[in-house]
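All remarks here apply to the structure that follows.
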Amino acid sequence: MLKIDPIWQPDIQQANFRLLLDAMSYPGRCFNFHEVQNEGKASLSVLATLLDAEVTLSDPYNLLRADDWPMLQSKSVSADIADYILCDASQLPIFSPKLGTLADPEQSATLILMVDNLGQGEQTLKLFGPGIKDTESLTVDGINSAWLSKRNEWVCSFPLGVDMMLVDDQHVAALPRTTKLEEV
Amino acid sequence: MIQRSAWVSALKAIPTNNLLSLTEKISEDWTLRPKSVPQSGLGMMKLKDSALNEAFYLGEFPLASAWLEVITPDGHKTEGAAQVLDDRVEVAEALALCDAVLSSQLPGWEQVYKMVEQGIDINKKTNRERKMMLARTRVDFTLLDNVGNDNAED
């Protein structure tokens with residue numbers, strides 16, 4: 001009777017969760033989403049896969065529609081205490097995410113950065129670290145360089161830090177806190 | 001008009017097939033959109049013990065919920081929601097639709113309202129039967145007290 005978009009269906013969410021695990025295992029590699037919402041972006045597929053009522057979300061750039069919130073079930077909080085933060089990569093970072101503690105480094109934020117293009121674009125990032133054999137290069141369009149310098153600050157005291165996921169309309173690439181990056 | 005809070009329990013008493021076929025019929029040309037993901041699962045019933053006043057889980061119960069938006073062909077928009085002791089999402093969806101139909105008096109609301117009245121009658125009958133069964137099983141402990149005293153004297 002009720003038609004629900006595939007991104008809210010358990011089987012698609014499980015497949016997308018597997019895809020996000022792969023993305024975190026192979027930093028900088030672009031992965032194609034199984035399903036994205038017709039008029040939406042892949043960022044909503046990431047959120048639909050990862051979020052439930054147990055975690056908190058911040059949307060400091062007002063990227064979500066009012067209708068998306070009840071579907072996600074997460075509580076809206078300010079960015080400095082949020083478990084997940086949805087960001088517009090073309091703008092400047094306007095918050096300080098939680099970085100976890102030495103006892104609980106997992107109590108840190110995961111940032112979902114919406115970019116224009118992944119796998120093609122004018123900016124190239126050179127990545128190295130765990131999960132990358134030698135180096136990986138990621139081309140991207142629509143990311144403000146301030147995010148990359150801020151990220152370097154946030155992840156400089158391992159195991160504290162943040163994990164990032166870059167998403168465009170169809171793809172996702174992950175930048176775990178262990179990945180080192182340079183702008184080429 | 002019967003109170004809104006009584007609609008779900010009354011409609012739950014109606015045979016599920018009747019309820020589903022009615023909701024399917026009246027919503028044939030409507031657009032239904034979920035406002036939250038319809039879900040079914042187990043709820044945990046939490047109680048406090050009377051001695052230490054500490055919380056404990058008495059047990060689990062099936063719970064299904066739905067919240068949807070209805071758009072009729074003439075553009076009328078309304079919402080309905082339901083939370084029900086059942087493990088079938090489609091039942092919660094049908095009840096949420098009935099909630100929207102009755103609260104906004106959408107076309108077909110009279111048929112749904114009739115079902116609510118039938119459900120209330122069924123619930124009343126069930127409650128009467130349960131009360132009778134309870135009355136039959138009631139034990140008069142005063143007689144046992146007398147027996148106990150007699151034994152003690154012996």
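Identifiers for the structure tokens are assigned positionally: chains receive A, B, ... in sequence, residues are indexed from 1 per chain, and ligands are indexed from 1 in the order shown.
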
Problem set entry | Contact set, chain A to chain B: 9 Å, only C-alpha atoms, as a VMD selection string | chain A and resid 1 to 4 8 to 9 67 to 73

Take the residues that were just selected and, keeping N, CA and C atoms, output them as a compact mmCIF listing (two decimals), in the first residue's frame.
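Writing done, so here's selection-v2.txt:
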# COMPACT_ATOMS: atom_id res chain seq x y z
N MET A 1 0.83 -1.20 0.00
CA MET A 1 0.00 0.00 0.00
C MET A 1 0.88 1.27 0.00
N LEU A 2 1.81 1.32 0.94
CA LEU A 2 2.67 2.49 1.07
C LEU A 2 3.96 2.24 0.29
N LYS A 3 4.28 3.15 -0.63
CA LYS A 3 5.51 2.97 -1.42
C LYS A 3 6.65 3.73 -0.74
N ILE A 4 7.67 2.98 -0.38
CA ILE A 4 8.80 3.59 0.33
C ILE A 4 10.03 3.57 -0.57
N TRP A 8 15.35 3.44 2.06
CA TRP A 8 14.86 3.16 3.41
C TRP A 8 14.56 1.68 3.61
N GLN A 9 14.81 0.86 2.59
CA GLN A 9 14.51 -0.58 2.68
C GLN A 9 15.72 -1.31 3.28
N ASP A 67 11.31 17.10 5.74
CA ASP A 67 10.72 15.77 5.64
C ASP A 67 11.72 14.65 5.92
N ASP A 68 13.02 14.95 5.73
CA ASP A 68 14.03 13.90 5.90
C ASP A 68 14.24 13.53 7.37
N TRP A 69 14.05 14.48 8.25
CA TRP A 69 14.37 14.26 9.67
C TRP A 69 13.59 13.12 10.30
N PRO A 70 12.24 13.11 10.19
CA PRO A 70 11.52 11.97 10.82
C PRO A 70 11.90 10.63 10.21
N MET A 71 12.27 10.61 8.92
CA MET A 71 12.68 9.36 8.30
C MET A 71 14.00 8.88 8.89
N LEU A 72 14.90 9.82 9.18
CA LEU A 72 16.21 9.45 9.71
C LEU A 72 16.14 9.06 11.19
N GLN A 73 15.15 9.60 11.90
CA GLN A 73 14.91 9.28 13.32
C GLN A 73 15.94 9.86 14.28

For this session: Please identify all polymer residues within 8 Å of Ile14 in chain B, counting only C-alpha atoms, omitting same-chain residues fewer than 6 positions from it, and present them as a PyMOL selection string.
Result: chain B and resi 115+118-119+122

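With CA of Phe95 in chain A on one side and CA of Ser78 in chain A on the other, the separation reads 9.0 Å.
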
For this session: Using only C-alpha atoms, determine which residues lie at most 8 Å from Cys87 in chain A, disregarding the query and same-chain residues fewer than 3 positions distant; provide the list as a list of chain:residue names.
Result: A:Asp59, A:Pro60, A:Tyr61, A:Leu63, A:Leu111, A:Ile112, A:Leu113, A:Met114

Keeping only N, CA and C atoms, write the selected residues to a file as a PDB file, in the first residue's frame.
ATOM      1  N   ASP A  59      23.139  19.411  11.045  1.00  0.00           N
ATOM      2  CA  ASP A  59      23.052  19.866   9.653  1.00  0.00           C
ATOM      3  C   ASP A  59      23.295  21.381   9.643  1.00  0.00           C
ATOM      4  N   PRO A  60      24.540  21.798   9.929  1.00  0.00           N
ATOM      5  CA  PRO A  60      24.789  23.240  10.093  1.00  0.00           C
ATOM      6  C   PRO A  60      24.594  24.047   8.811  1.00  0.00           C
ATOM      7  N   TYR A  61      24.602  23.390   7.647  1.00  0.00           N
ATOM      8  CA  TYR A  61      24.441  24.127   6.381  1.00  0.00           C
ATOM      9  C   TYR A  61      23.013  23.997   5.822  1.00  0.00           C
ATOM     10  N   LEU A  63      21.173  21.438   4.738  1.00  0.00           N
ATOM     11  CA  LEU A  63      21.136  20.700   3.475  1.00  0.00           C
ATOM     12  C   LEU A  63      19.965  19.717   3.419  1.00  0.00           C
ATOM     13  N   LEU A 111      32.115  13.028   9.513  1.00  0.00           N
ATOM     14  CA  LEU A 111      31.664  14.139   8.668  1.00  0.00           C
ATOM     15  C   LEU A 111      31.308  13.620   7.276  1.00  0.00           C
ATOM     16  N   ILE A 112      30.135  13.992   6.814  1.00  0.00           N
ATOM     17  CA  ILE A 112      29.733  13.634   5.447  1.00  0.00           C
ATOM     18  C   ILE A 112      29.789  14.921   4.628  1.00  0.00           C
ATOM     19  N   LEU A 113      30.760  14.974   3.739  1.00  0.00           N
ATOM     20  CA  LEU A 113      30.989  16.185   2.953  1.00  0.00           C
ATOM     21  C   LEU A 113      30.398  16.048   1.556  1.00  0.00           C
ATOM     22  N   MET A 114      29.486  16.951   1.229  1.00  0.00           N
ATOM     23  CA  MET A 114      28.872  16.913  -0.104  1.00  0.00           C
ATOM     24  C   MET A 114      29.729  17.724  -1.067  1.00  0.00           C
TER      25      MET A 114
END

Problem set entry | Among the residues B:Val70, B:Val8, B:Val91, B:Val101, the one that comes closest to Gln39 in chain B [using only C-alpha atoms] |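 Closest residue, counting only C-alpha atoms: B:Val91.
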
Exercise. Residues at most 9 Å from Arg177 in chain A, counting only C-alpha atoms, excluding those fewer than 6 positions away in the same chain, as an NGL selection string?
Worked result: :A and (151 or 154-156 or 158-164)

For this session: Go through B:Gln3, B:Arg136, B:Leu19, B:Ser65 one by one, measure the shortest atom-to-atom distance of each to Ala96 in chain B using only C-alpha atoms, and give the residue with the smallest value.
Result: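 Smallest separation from Ala96 in chain B among the options: B:Ser65.
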
So that I can see what lies close to range 130-144 of chain A, please list as a PDB file with N, CA and C atoms, in the first residue's frame the residues with an atom at most 7 Å from it, counting only C-alpha atoms and leaving out residues fewer than 4 positions away in the same chain.
ATOM      1  N   SER A  25      37.634   0.791   4.189  1.00  0.00           N
ATOM      2  CA  SER A  25      38.782  -0.124   4.123  1.00  0.00           C
ATOM      3  C   SER A  25      39.768   0.301   3.037  1.00  0.00           C
ATOM      4  N   TYR A  26      39.255   0.948   2.005  1.00  0.00           N
ATOM      5  CA  TYR A  26      40.111   1.389   0.888  1.00  0.00           C
ATOM      6  C   TYR A  26      39.981   2.908   0.753  1.00  0.00           C
ATOM      7  N   PRO A  27      40.677   3.650   1.610  1.00  0.00           N
ATOM      8  CA  PRO A  27      40.513   5.108   1.603  1.00  0.00           C
ATOM      9  C   PRO A  27      40.807   5.713   0.234  1.00  0.00           C
ATOM     10  N   GLY A  28      39.990   6.660  -0.142  1.00  0.00           N
ATOM     11  CA  GLY A  28      40.213   7.394  -1.384  1.00  0.00           C
ATOM     12  C   GLY A  28      39.665   6.723  -2.627  1.00  0.00           C
ATOM     13  N   ALA A  89      30.781  20.985   1.285  1.00  0.00           N
ATOM     14  CA  ALA A  89      32.237  21.092   1.136  1.00  0.00           C
ATOM     15  C   ALA A  89      32.660  22.367   0.419  1.00  0.00           C
ATOM     16  N   SER A  90      31.730  23.010  -0.299  1.00  0.00           N
ATOM     17  CA  SER A  90      32.118  24.226  -1.021  1.00  0.00           C
ATOM     18  C   SER A  90      32.204  25.429  -0.075  1.00  0.00           C
ATOM     19  N   GLN A  91      31.618  25.277   1.113  1.00  0.00           N
ATOM     20  CA  GLN A  91      31.670  26.371   2.082  1.00  0.00           C
ATOM     21  C   GLN A  91      32.786  26.135   3.101  1.00  0.00           C
ATOM     22  N   LEU A  92      32.973  27.111   3.986  1.00  0.00           N
ATOM     23  CA  LEU A  92      34.029  26.985   4.995  1.00  0.00           C
ATOM     24  C   LEU A  92      33.537  26.177   6.188  1.00  0.00           C
ATOM     25  N   VAL A 115      30.248  17.031  -2.087  1.00  0.00           N
ATOM     26  CA  VAL A 115      31.085  17.698  -3.096  1.00  0.00           C
ATOM     27  C   VAL A 115      30.349  17.667  -4.443  1.00  0.00           C
ATOM     28  N   ASP A 116      30.881  18.397  -5.429  1.00  0.00           N
ATOM     29  CA  ASP A 116      30.220  18.429  -6.744  1.00  0.00           C
ATOM     30  C   ASP A 116      30.475  17.140  -7.519  1.00  0.00           C
ATOM     31  N   ASN A 117      31.741  16.704  -7.530  1.00  0.00           N
ATOM     32  CA  ASN A 117      32.111  15.511  -8.294  1.00  0.00           C
ATOM     33  C   ASN A 117      33.186  14.725  -7.574  1.00  0.00           C
ATOM     34  N   LEU A 118      33.084  13.433  -7.668  1.00  0.00           N
ATOM     35  CA  LEU A 118      34.117  12.543  -7.134  1.00  0.00           C
ATOM     36  C   LEU A 118      34.630  11.692  -8.290  1.00  0.00           C
ATOM     37  N   GLY A 119      35.936  11.474  -8.325  1.00  0.00           N
ATOM     38  CA  GLY A 119      36.505  10.661  -9.401  1.00  0.00           C
ATOM     39  C   GLY A 119      36.815  11.482 -10.642  1.00  0.00           C
ATOM     40  N   GLN A 120      36.415  12.718 -10.619  1.00  0.00           N
ATOM     41  CA  GLN A 120      36.785  13.655 -11.690  1.00  0.00           C
ATOM     42  C   GLN A 120      36.710  15.061 -11.109  1.00  0.00           C
ATOM     43  N   GLY A 121      37.525  15.939 -11.676  1.00  0.00           N
ATOM     44  CA  GLY A 121      37.501  17.297 -11.160  1.00  0.00           C
ATOM     45  C   GLY A 121      38.868  17.933 -11.219  1.00  0.00           C
ATOM     46  N   GLU A 122      38.940  19.135 -10.686  1.00  0.00           N
ATOM     47  CA  GLU A 122      40.174  19.911 -10.806  1.00  0.00           C
ATOM     48  C   GLU A 122      41.134  19.666  -9.655  1.00  0.00           C
ATOM     49  N   GLN A 123      40.622  19.254  -8.510  1.00  0.00           N
ATOM     50  CA  GLN A 123      41.513  19.041  -7.373  1.00  0.00           C
ATOM     51  C   GLN A 123      41.918  17.572  -7.293  1.00  0.00           C
ATOM     52  N   THR A 124      43.190  17.349  -7.030  1.00  0.00           N
ATOM     53  CA  THR A 124      43.660  15.978  -6.846  1.00  0.00           C
ATOM     54  C   THR A 124      44.278  15.854  -5.460  1.00  0.00           C
ATOM     55  N   LEU A 125      43.847  14.822  -4.762  1.00  0.00           N
ATOM     56  CA  LEU A 125      44.388  14.568  -3.424  1.00  0.00           C
ATOM     57  C   LEU A 125      45.252  13.319  -3.491  1.00  0.00           C
ATOM     58  N   LYS A 126      46.442  13.425  -2.922  1.00  0.00           N
ATOM     59  CA  LYS A 126      47.331  12.264  -2.865  1.00  0.00           C
ATOM     60  C   LYS A 126      47.213  11.690  -1.464  1.00  0.00           C
ATOM     61  N   THR A 178      43.103   7.804   9.861  1.00  0.00           N
ATOM     62  CA  THR A 178      44.471   7.298   9.718  1.00  0.00           C
ATOM     63  C   THR A 178      45.102   7.679   8.378  1.00  0.00           C
ATOM     64  N   THR A 179      44.293   8.186   7.462  1.00  0.00           N
ATOM     65  CA  THR A 179      44.807   8.499   6.119  1.00  0.00           C
ATOM     66  C   THR A 179      45.489   9.870   6.112  1.00  0.00           C
TER      67      THR A 179
END

Problem set entry | Backbone-only DSSP, strand (DSSP E) members of range 5-92 of chain A, as a ChimeraX atom specification | /A:31-32,56-58,75-76,84-88

Exercise. Do you know which residues are at most 12 Å from Ile120 in chain B counting only C-alpha atoms, after dropping those on the same chain fewer than 5 positions away, and could you put them as number ranges by chain?
Worked result: B: 2-3, 6-14, 113-115, 125-127

Seminar exercise, completed: Computed gap from CA of Leu102 in chain B to CA of Lys25 in chain B is 15.2 Å
